[in-house]
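Down below is the structure, laid out as structure tokens.
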Amino acid sequence: MDAKGTDLAIIQTRALAKAYRMGEVEVAALNGVSVTVQRGEFVSVMGQSGSGKSTFMNLLGCLDRPTSGTYHLEGHDVSRLTSDQLAEIRNRSIGFVFQGFNLLAKMTAVQNVELPMLYAGVAPAERRRRARAALASVGLDRRMEHRPAEMSGGQQQRVAIARALAGEPAMILADEPTGNLDSASSNEIMEIFRDLNSRRGITIVTVTHEPDVAAWTQRTIVFRDGRVAGEA
Ligand code: ADP
Ligand code: MG
């Protein structure tokens, strides 16, 4: 163990649980999940619809708080932080990629990538420089001024990956990033993830329904009924 603790697991959950209250009924979305992910791993999460994958990802991404259990992110217990503290960690450490791309339609690719940096207070010239570099790294140097409607689904998802990258995250969390894409575009996205993982050491956790997509990753965690059913 080095002095800075940099060899600590990036993700460590213990007995993580999340219940949603729906009127009188409580839905146990997550039922005691203990998972460790080391820095630099490339992991997929699989499981049937409703098995708790998105709930788990939302907790990992500090978008939500668990009902019980603990979550250590980079060695810090983040399970009991306030919303503001969670937002700060989110902005500093985590890049998100979603199934629906979540780009703003009226903005160009480079403006979409710059937006989180604008909120984070990064100076304009630095924002533009980082956005261009991130778009170039996903092969979109010639699409900087295109709006989402002028790009394919695969290109839009690459813009979303560039937006995640521009924040220089320690890890990327992707919830069904290839769910809206054909298989050629899906492979493009997974190839980008593989390169970001192997060349830059970015930890990546991605949810998928498809074994072909999971096959790109080093390790697959299978969820069933809000629990870890096994690993492949
Ligand atoms: P998955 O991503 O594997 O399809 P989810 O994590 O979205 O699964 O959902 C797990 C369970 O929790 C499901 O039964 C779902 O209906 C329930 N659930 C998810 N989000 C909410 C919510 N905001 N309110 C109530 N129930 C929810
Ligand atoms: Mg889901």
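We label chains A, B, ... in the order they appear in the structure tokens, count residues from 1 in each chain, and number ligands from 1 in the order shown.
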task: Apply DSSP to the backbone of this structure and, from segment 90-204 of chain A, keep only the residues in strand (DSSP E or B); write these as a list in words.
output: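 Matching residues, listed in order: Ile94, Gly95, Phe96, Val97, Phe98, Met171, Ile172, Leu173, Ala174, Asp175, Thr203 and Ile204 of chain A.
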Once you count only C-alpha atoms and all ligand atoms, what closest atom pair and distance in Å to one decimal does each residue of chain A within 7 Å of ligand 1 have, with rows by chain and rising residue number, as JSON lines?
{"residue": "A:Tyr20", "atom": "CA", "partner": "ligand 1", "partner_atom_place_in_ligand_line": "25 (C)", "distance": 4.8}
{"residue": "A:Arg21", "atom": "CA", "partner": "ligand 1", "partner_atom_place_in_ligand_line": "25 (C)", "distance": 6.4}
{"residue": "A:Met22", "atom": "CA", "partner": "ligand 1", "partner_atom_place_in_ligand_line": "25 (C)", "distance": 6.0}
{"residue": "A:Val27", "atom": "CA", "partner": "ligand 1", "partner_atom_place_in_ligand_line": "26 (N)", "distance": 5.9}
{"residue": "A:Ala28", "atom": "CA", "partner": "ligand 1", "partner_atom_place_in_ligand_line": "12 (O)", "distance": 6.5}
{"residue": "A:Ala29", "atom": "CA", "partner": "ligand 1", "partner_atom_place_in_ligand_line": "12 (O)", "distance": 3.8}
{"residue": "A:Leu30", "atom": "CA", "partner": "ligand 1", "partner_atom_place_in_ligand_line": "10 (C)", "distance": 7.0}
{"residue": "A:Gly47", "atom": "CA", "partner": "ligand 1", "partner_atom_place_in_ligand_line": "3 (O)", "distance": 6.2}
{"residue": "A:Gln48", "atom": "CA", "partner": "ligand 1", "partner_atom_place_in_ligand_line": "3 (O)", "distance": 5.9}
{"residue": "A:Ser49", "atom": "CA", "partner": "ligand 1", "partner_atom_place_in_ligand_line": "4 (O)", "distance": 3.6}
{"residue": "A:Gly50", "atom": "CA", "partner": "ligand 1", "partner_atom_place_in_ligand_line": "8 (O)", "distance": 3.5}
{"residue": "A:Ser51", "atom": "CA", "partner": "ligand 1", "partner_atom_place_in_ligand_line": "3 (O)", "distance": 3.9}
{"residue": "A:Gly52", "atom": "CA", "partner": "ligand 1", "partner_atom_place_in_ligand_line": "6 (O)", "distance": 3.3}
{"residue": "A:Lys53", "atom": "CA", "partner": "ligand 1", "partner_atom_place_in_ligand_line": "3 (O)", "distance": 3.8}
{"residue": "A:Ser54", "atom": "CA", "partner": "ligand 1", "partner_atom_place_in_ligand_line": "2 (O)", "distance": 3.6}
{"residue": "A:Thr55", "atom": "CA", "partner": "ligand 1", "partner_atom_place_in_ligand_line": "6 (O)", "distance": 3.7}
{"residue": "A:Phe56", "atom": "CA", "partner": "ligand 1", "partner_atom_place_in_ligand_line": "6 (O)", "distance": 6.4}
{"residue": "A:Gly226", "atom": "CA", "partner": "ligand 1", "partner_atom_place_in_ligand_line": "10 (C)", "distance": 6.8}
Go ahead and write the selection's residues with N, CA and C atoms as a PDB file, in the first residue's frame.
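Contents of selection19.pdb, as written:
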ATOM      1  N   TYR A  20     -37.394   1.640  -2.792  1.00  0.00           N
ATOM      2  CA  TYR A  20     -38.211   2.771  -3.225  1.00  0.00           C
ATOM      3  C   TYR A  20     -39.586   2.625  -2.609  1.00  0.00           C
ATOM      4  N   ARG A  21     -40.094   3.719  -2.072  1.00  0.00           N
ATOM      5  CA  ARG A  21     -41.443   3.675  -1.517  1.00  0.00           C
ATOM      6  C   ARG A  21     -42.437   4.139  -2.571  1.00  0.00           C
ATOM      7  N   MET A  22     -43.415   3.267  -2.837  1.00  0.00           N
ATOM      8  CA  MET A  22     -44.461   3.605  -3.812  1.00  0.00           C
ATOM      9  C   MET A  22     -45.779   3.612  -3.065  1.00  0.00           C
ATOM     10  N   VAL A  27     -40.606  -1.114  -2.664  1.00  0.00           N
ATOM     11  CA  VAL A  27     -39.965  -1.957  -3.684  1.00  0.00           C
ATOM     12  C   VAL A  27     -38.480  -2.054  -3.349  1.00  0.00           C
ATOM     13  N   ALA A  28     -38.009  -3.285  -3.119  1.00  0.00           N
ATOM     14  CA  ALA A  28     -36.587  -3.488  -2.832  1.00  0.00           C
ATOM     15  C   ALA A  28     -35.842  -3.624  -4.153  1.00  0.00           C
ATOM     16  N   ALA A  29     -35.292  -2.511  -4.628  1.00  0.00           N
ATOM     17  CA  ALA A  29     -34.621  -2.515  -5.929  1.00  0.00           C
ATOM     18  C   ALA A  29     -33.246  -3.169  -5.839  1.00  0.00           C
ATOM     19  N   LEU A  30     -32.591  -2.967  -4.703  1.00  0.00           N
ATOM     20  CA  LEU A  30     -31.257  -3.530  -4.478  1.00  0.00           C
ATOM     21  C   LEU A  30     -31.260  -4.146  -3.087  1.00  0.00           C
ATOM     22  N   GLY A  47     -28.044  -8.495 -16.545  1.00  0.00           N
ATOM     23  CA  GLY A  47     -29.176  -8.959 -15.743  1.00  0.00           C
ATOM     24  C   GLY A  47     -30.463  -8.547 -16.415  1.00  0.00           C
ATOM     25  N   GLN A  48     -31.536  -9.260 -16.063  1.00  0.00           N
ATOM     26  CA  GLN A  48     -32.822  -8.973 -16.686  1.00  0.00           C
ATOM     27  C   GLN A  48     -33.314  -7.582 -16.316  1.00  0.00           C
ATOM     28  N   SER A  49     -34.248  -7.108 -17.103  1.00  0.00           N
ATOM     29  CA  SER A  49     -34.899  -5.840 -16.825  1.00  0.00           C
ATOM     30  C   SER A  49     -35.513  -5.904 -15.423  1.00  0.00           C
ATOM     31  N   GLY A  50     -35.276  -4.871 -14.629  1.00  0.00           N
ATOM     32  CA  GLY A  50     -35.821  -4.837 -13.275  1.00  0.00           C
ATOM     33  C   GLY A  50     -34.933  -5.491 -12.231  1.00  0.00           C
ATOM     34  N   SER A  51     -33.750  -5.977 -12.615  1.00  0.00           N
ATOM     35  CA  SER A  51     -32.884  -6.684 -11.658  1.00  0.00           C
ATOM     36  C   SER A  51     -32.057  -5.734 -10.784  1.00  0.00           C
ATOM     37  N   GLY A  52     -32.152  -4.413 -11.057  1.00  0.00           N
ATOM     38  CA  GLY A  52     -31.479  -3.454 -10.168  1.00  0.00           C
ATOM     39  C   GLY A  52     -30.221  -2.824 -10.754  1.00  0.00           C
ATOM     40  N   LYS A  53     -29.964  -3.057 -12.024  1.00  0.00           N
ATOM     41  CA  LYS A  53     -28.727  -2.552 -12.642  1.00  0.00           C
ATOM     42  C   LYS A  53     -28.646  -1.021 -12.607  1.00  0.00           C
ATOM     43  N   SER A  54     -29.730  -0.360 -13.028  1.00  0.00           N
ATOM     44  CA  SER A  54     -29.694   1.109 -13.056  1.00  0.00           C
ATOM     45  C   SER A  54     -29.653   1.685 -11.649  1.00  0.00           C
ATOM     46  N   THR A  55     -30.363   1.057 -10.731  1.00  0.00           N
ATOM     47  CA  THR A  55     -30.319   1.505  -9.332  1.00  0.00           C
ATOM     48  C   THR A  55     -28.884   1.435  -8.809  1.00  0.00           C
ATOM     49  N   PHE A  56     -28.213   0.346  -9.111  1.00  0.00           N
ATOM     50  CA  PHE A  56     -26.817   0.163  -8.699  1.00  0.00           C
ATOM     51  C   PHE A  56     -25.927   1.244  -9.331  1.00  0.00           C
ATOM     52  N   GLY A 226     -32.104  -7.865  -7.660  1.00  0.00           N
ATOM     53  CA  GLY A 226     -31.463  -6.927  -6.748  1.00  0.00           C
ATOM     54  C   GLY A 226     -30.256  -7.466  -6.014  1.00  0.00           C
TER      55      GLY A 226
END
query: For ligand 2, which of A:His209, A:Arg92, A:Arg65, A:Arg219 is the closest residue, counting only C-alpha atoms and all ligand atoms?
result: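 Among the listed residues, A:His209 lies closest to ligand 2.
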message: I need the residue nearest Gln155 of chain A from this list: A:Asp195, A:Leu173, A:Ala184, A:Arg130. Use only C-alpha atoms for the distance.
response: A:Ala184
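Distances here use only C-alpha atoms; by that measure, the residue among A:Val45, A:Ala174, A:Leu118, A:Ala164 closest to Leu103 of chain A is A:Ala164.
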Would you kindly return, as a tab-separated table (two decimals) with all heavy atoms, in the first residue's frame, each protein, DNA or RNA residue with an atom no farther than 7 Å from any atom of Gln99 of chain A, considering only C-alpha atoms and excluding same-chain residues fewer than 3 positions away?
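Contents of the output file out_32.tsv:
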chain	number	residue	atom	x	y	z
A	175	ASP	N	-24.78	3.38	-18.66
A	175	ASP	CA	-25.98	2.55	-18.47
A	175	ASP	C	-26.59	2.23	-19.84
A	175	ASP	O	-27.23	3.09	-20.44
A	175	ASP	CB	-26.98	3.26	-17.57
A	175	ASP	CG	-28.06	2.30	-17.04
A	175	ASP	OD1	-28.16	1.16	-17.55
A	175	ASP	OD2	-28.80	2.70	-16.12
A	176	GLU	N	-26.39	1.04	-20.31
A	176	GLU	CA	-26.85	0.56	-21.62
A	176	GLU	C	-26.46	1.53	-22.75
A	176	GLU	O	-27.31	1.96	-23.54
A	176	GLU	CB	-28.38	0.35	-21.60
A	176	GLU	CG	-28.80	-0.51	-20.40
A	176	GLU	CD	-29.85	-1.55	-20.73
A	176	GLU	OE1	-29.97	-1.93	-21.91
A	176	GLU	OE2	-30.53	-1.99	-19.79
A	177	PRO	N	-25.16	1.85	-22.86
A	177	PRO	CA	-24.73	2.86	-23.83
A	177	PRO	C	-24.96	2.44	-25.28
A	177	PRO	O	-25.01	3.29	-26.17
A	177	PRO	CB	-23.22	3.00	-23.55
A	177	PRO	CG	-22.82	1.68	-22.98
A	177	PRO	CD	-24.01	1.26	-22.15
A	178	THR	N	-25.10	1.13	-25.51
A	178	THR	CA	-25.31	0.66	-26.89
A	178	THR	C	-26.75	0.23	-27.12
A	178	THR	O	-27.08	-0.32	-28.17
A	178	THR	CB	-24.36	-0.52	-27.21
A	178	THR	OG1	-24.68	-1.62	-26.36
A	178	THR	CG2	-22.90	-0.14	-27.01
A	179	GLY	N	-27.62	0.51	-26.14
A	179	GLY	CA	-29.02	0.04	-26.21
A	179	GLY	C	-29.80	0.58	-27.39
A	179	GLY	O	-30.76	-0.05	-27.84
A	180	ASN	N	-29.42	1.77	-27.90
A	180	ASN	CA	-30.14	2.36	-29.05
A	180	ASN	C	-29.35	2.24	-30.35
A	180	ASN	O	-29.67	2.92	-31.32
A	180	ASN	CB	-30.40	3.85	-28.81
A	180	ASN	CG	-31.48	4.08	-27.76
A	180	ASN	OD1	-32.11	3.13	-27.30
A	180	ASN	ND2	-31.69	5.33	-27.38
- prompt: Which is closer to His72 of chain A than all the others in A:Val33, A:Ala229, A:Ala17, A:Ala9, using only C-alpha atoms?
  reply: A:Ala9
Contacts of Ala149 of chain A at 10 Å (only C-alpha atoms; same-chain gap of 5+ positions) as a list in words: Ala105, Lys106, Thr108 and Gln156 of chain A
- request: Determine which residues of segment 12-229 of chain A receive a DSSP assignment of helix (DSSP H, G or I), computed from the backbone, and state them as a PyMOL selection string.
  value: chain A and resi 53-60+83-93+109-119+124-137+148-150+153-166+183-200+211-214
- prompt: Which residue, A:Ala170, A:His146, A:Glu26, A:Gly32, has the smallest gap to Leu73 of chain A when you use only C-alpha atoms?
  reply: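 Checking each of A:Ala170, A:His146, A:Glu26, A:Gly32 against Leu73 of chain A, counting only C-alpha atoms, the winner is A:Ala170.
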- prompt: Counting only C-alpha atoms, what is within 9 Å of Met46 of chain A, bar same-chain residues fewer than 4 positions away, as a PyMOL selection string?
  reply: chain A and resi 51+53+206-211+214+220-224
Atoms to include: all heavy atoms. Write the selected residues as a CSV table (one decimal), in the first residue's frame.
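out32.csv written:
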chain,number,residue,atom,x,y,z
A,51,SER,N,-33.7,-6.0,-12.6
A,51,SER,CA,-32.9,-6.7,-11.7
A,51,SER,C,-32.1,-5.7,-10.8
A,51,SER,O,-31.3,-6.2,-9.9
A,51,SER,CB,-32.0,-7.7,-12.4
A,51,SER,OG,-31.2,-7.0,-13.3
A,53,LYS,N,-30.0,-3.1,-12.0
A,53,LYS,CA,-28.7,-2.6,-12.6
A,53,LYS,C,-28.6,-1.0,-12.6
A,53,LYS,O,-27.6,-0.5,-12.2
A,53,LYS,CB,-28.6,-3.0,-14.1
A,53,LYS,CG,-28.7,-4.5,-14.3
A,53,LYS,CD,-28.6,-5.0,-15.7
A,53,LYS,CE,-29.6,-4.4,-16.7
A,53,LYS,NZ,-31.0,-4.9,-16.4
A,206,THR,N,-20.0,-0.7,-17.3
A,206,THR,CA,-21.0,-0.5,-18.3
A,206,THR,C,-22.1,-1.6,-18.2
A,206,THR,O,-21.8,-2.7,-18.0
A,206,THR,CB,-20.4,-0.5,-19.7
A,206,THR,OG1,-21.5,-0.2,-20.7
A,206,THR,CG2,-19.8,-1.8,-20.1
A,207,VAL,N,-23.4,-1.1,-18.2
A,207,VAL,CA,-24.5,-2.1,-18.2
A,207,VAL,C,-24.8,-2.5,-19.6
A,207,VAL,O,-24.8,-1.6,-20.5
A,207,VAL,CB,-25.7,-1.4,-17.6
A,207,VAL,CG1,-27.0,-2.3,-17.7
A,207,VAL,CG2,-25.5,-1.1,-16.1
A,208,THR,N,-25.2,-3.7,-19.8
A,208,THR,CA,-25.7,-4.2,-21.1
A,208,THR,C,-26.6,-5.4,-21.0
A,208,THR,O,-26.5,-6.1,-20.0
A,208,THR,CB,-24.5,-4.5,-22.1
A,208,THR,OG1,-25.1,-4.9,-23.3
A,208,THR,CG2,-23.7,-5.7,-21.6
A,209,HIS,N,-27.5,-5.5,-21.9
A,209,HIS,CA,-28.3,-6.8,-22.0
A,209,HIS,C,-27.6,-7.8,-22.9
A,209,HIS,O,-28.0,-9.0,-22.9
A,209,HIS,CB,-29.6,-6.4,-22.8
A,209,HIS,CG,-30.7,-6.0,-21.9
A,209,HIS,ND1,-31.0,-4.6,-21.6
A,209,HIS,CD2,-31.6,-6.7,-21.1
A,209,HIS,CE1,-32.0,-4.6,-20.8
A,209,HIS,NE2,-32.4,-5.8,-20.5
A,210,GLU,N,-26.6,-7.4,-23.7
A,210,GLU,CA,-26.1,-8.3,-24.7
A,210,GLU,C,-24.8,-8.9,-24.5
A,210,GLU,O,-23.8,-8.2,-24.2
A,210,GLU,CB,-26.0,-7.5,-26.0
A,210,GLU,CG,-27.4,-6.9,-26.4
A,210,GLU,CD,-27.3,-6.1,-27.7
A,210,GLU,OE1,-26.8,-6.6,-28.7
A,210,GLU,OE2,-27.7,-5.0,-27.7
A,211,PRO,N,-24.7,-10.3,-24.5
A,211,PRO,CA,-23.5,-11.0,-24.3
A,211,PRO,C,-22.4,-10.5,-25.2
A,211,PRO,O,-21.2,-10.4,-24.8
A,211,PRO,CB,-23.8,-12.4,-24.6
A,211,PRO,CG,-25.3,-12.5,-24.3
A,211,PRO,CD,-25.9,-11.2,-24.7
A,214,ALA,N,-21.0,-7.4,-23.6
A,214,ALA,CA,-20.3,-7.8,-22.4
A,214,ALA,C,-18.9,-8.4,-22.7
A,214,ALA,O,-17.9,-8.3,-22.0
A,214,ALA,CB,-21.1,-8.7,-21.6
A,220,THR,N,-17.6,-9.7,-16.0
A,220,THR,CA,-19.1,-9.4,-16.0
A,220,THR,C,-19.7,-9.8,-14.7
A,220,THR,O,-19.5,-10.9,-14.2
A,220,THR,CB,-19.7,-10.3,-17.1
A,220,THR,OG1,-19.2,-9.9,-18.4
A,220,THR,CG2,-21.2,-10.0,-17.2
A,221,ILE,N,-20.5,-8.9,-14.1
A,221,ILE,CA,-21.2,-9.1,-12.9
A,221,ILE,C,-22.7,-9.3,-13.3
A,221,ILE,O,-23.2,-8.4,-14.0
A,221,ILE,CB,-21.0,-7.9,-11.9
A,221,ILE,CG1,-19.5,-7.7,-11.6
A,221,ILE,CG2,-21.8,-8.2,-10.6
A,221,ILE,CD1,-19.3,-6.4,-10.8
A,222,VAL,N,-23.3,-10.4,-12.8
A,222,VAL,CA,-24.7,-10.7,-13.2
A,222,VAL,C,-25.6,-10.4,-12.0
A,222,VAL,O,-25.4,-10.9,-10.9
A,222,VAL,CB,-24.8,-12.1,-13.6
A,222,VAL,CG1,-26.3,-12.4,-14.1
A,222,VAL,CG2,-23.9,-12.5,-14.8
A,223,PHE,N,-26.6,-9.5,-12.3
A,223,PHE,CA,-27.6,-9.2,-11.3
A,223,PHE,C,-28.9,-10.0,-11.5
A,223,PHE,O,-29.3,-10.3,-12.6
A,223,PHE,CB,-28.0,-7.7,-11.4
A,223,PHE,CG,-27.1,-6.8,-10.6
A,223,PHE,CD1,-25.7,-6.7,-11.0
A,223,PHE,CD2,-27.5,-6.0,-9.6
A,223,PHE,CE1,-24.9,-5.9,-10.3
A,223,PHE,CE2,-26.7,-5.2,-8.9
A,223,PHE,CZ,-25.4,-5.1,-9.2
A,224,ARG,N,-29.5,-10.4,-10.3
A,224,ARG,CA,-30.8,-11.1,-10.4
A,224,ARG,C,-31.6,-10.6,-9.1
A,224,ARG,O,-31.0,-10.8,-8.0
A,224,ARG,CB,-30.7,-12.6,-10.4
A,224,ARG,CG,-32.0,-13.3,-10.7
A,224,ARG,CD,-31.9,-14.8,-10.7
A,224,ARG,NE,-30.9,-15.3,-11.7
A,224,ARG,CZ,-30.1,-16.3,-11.5
A,224,ARG,NH1,-30.0,-16.9,-10.4
A,224,ARG,NH2,-29.3,-16.6,-12.5
- line: Students should find that atom CA of Ala109 of chain A and atom CA of Glu168 of chain A are spaced 17.7 Å
query: Which of these, A:Leu16, A:Ala120, A:Gly100, A:Glu126, has the shortest distance to ligand 2 once you count only C-alpha atoms and all ligand atoms?
result: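 Smallest separation from ligand 2 among the options: A:Gly100.
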query: What is the atom CA of Tyr71 of chain A-atom CA of Leu59 of chain A distance in Å, reported with one decimal?
result: 8.3 Å
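Note that the spacing between atom CA of Arg14 of chain A and atom CA of Thr67 of chain A amounts to 12.2 Å.
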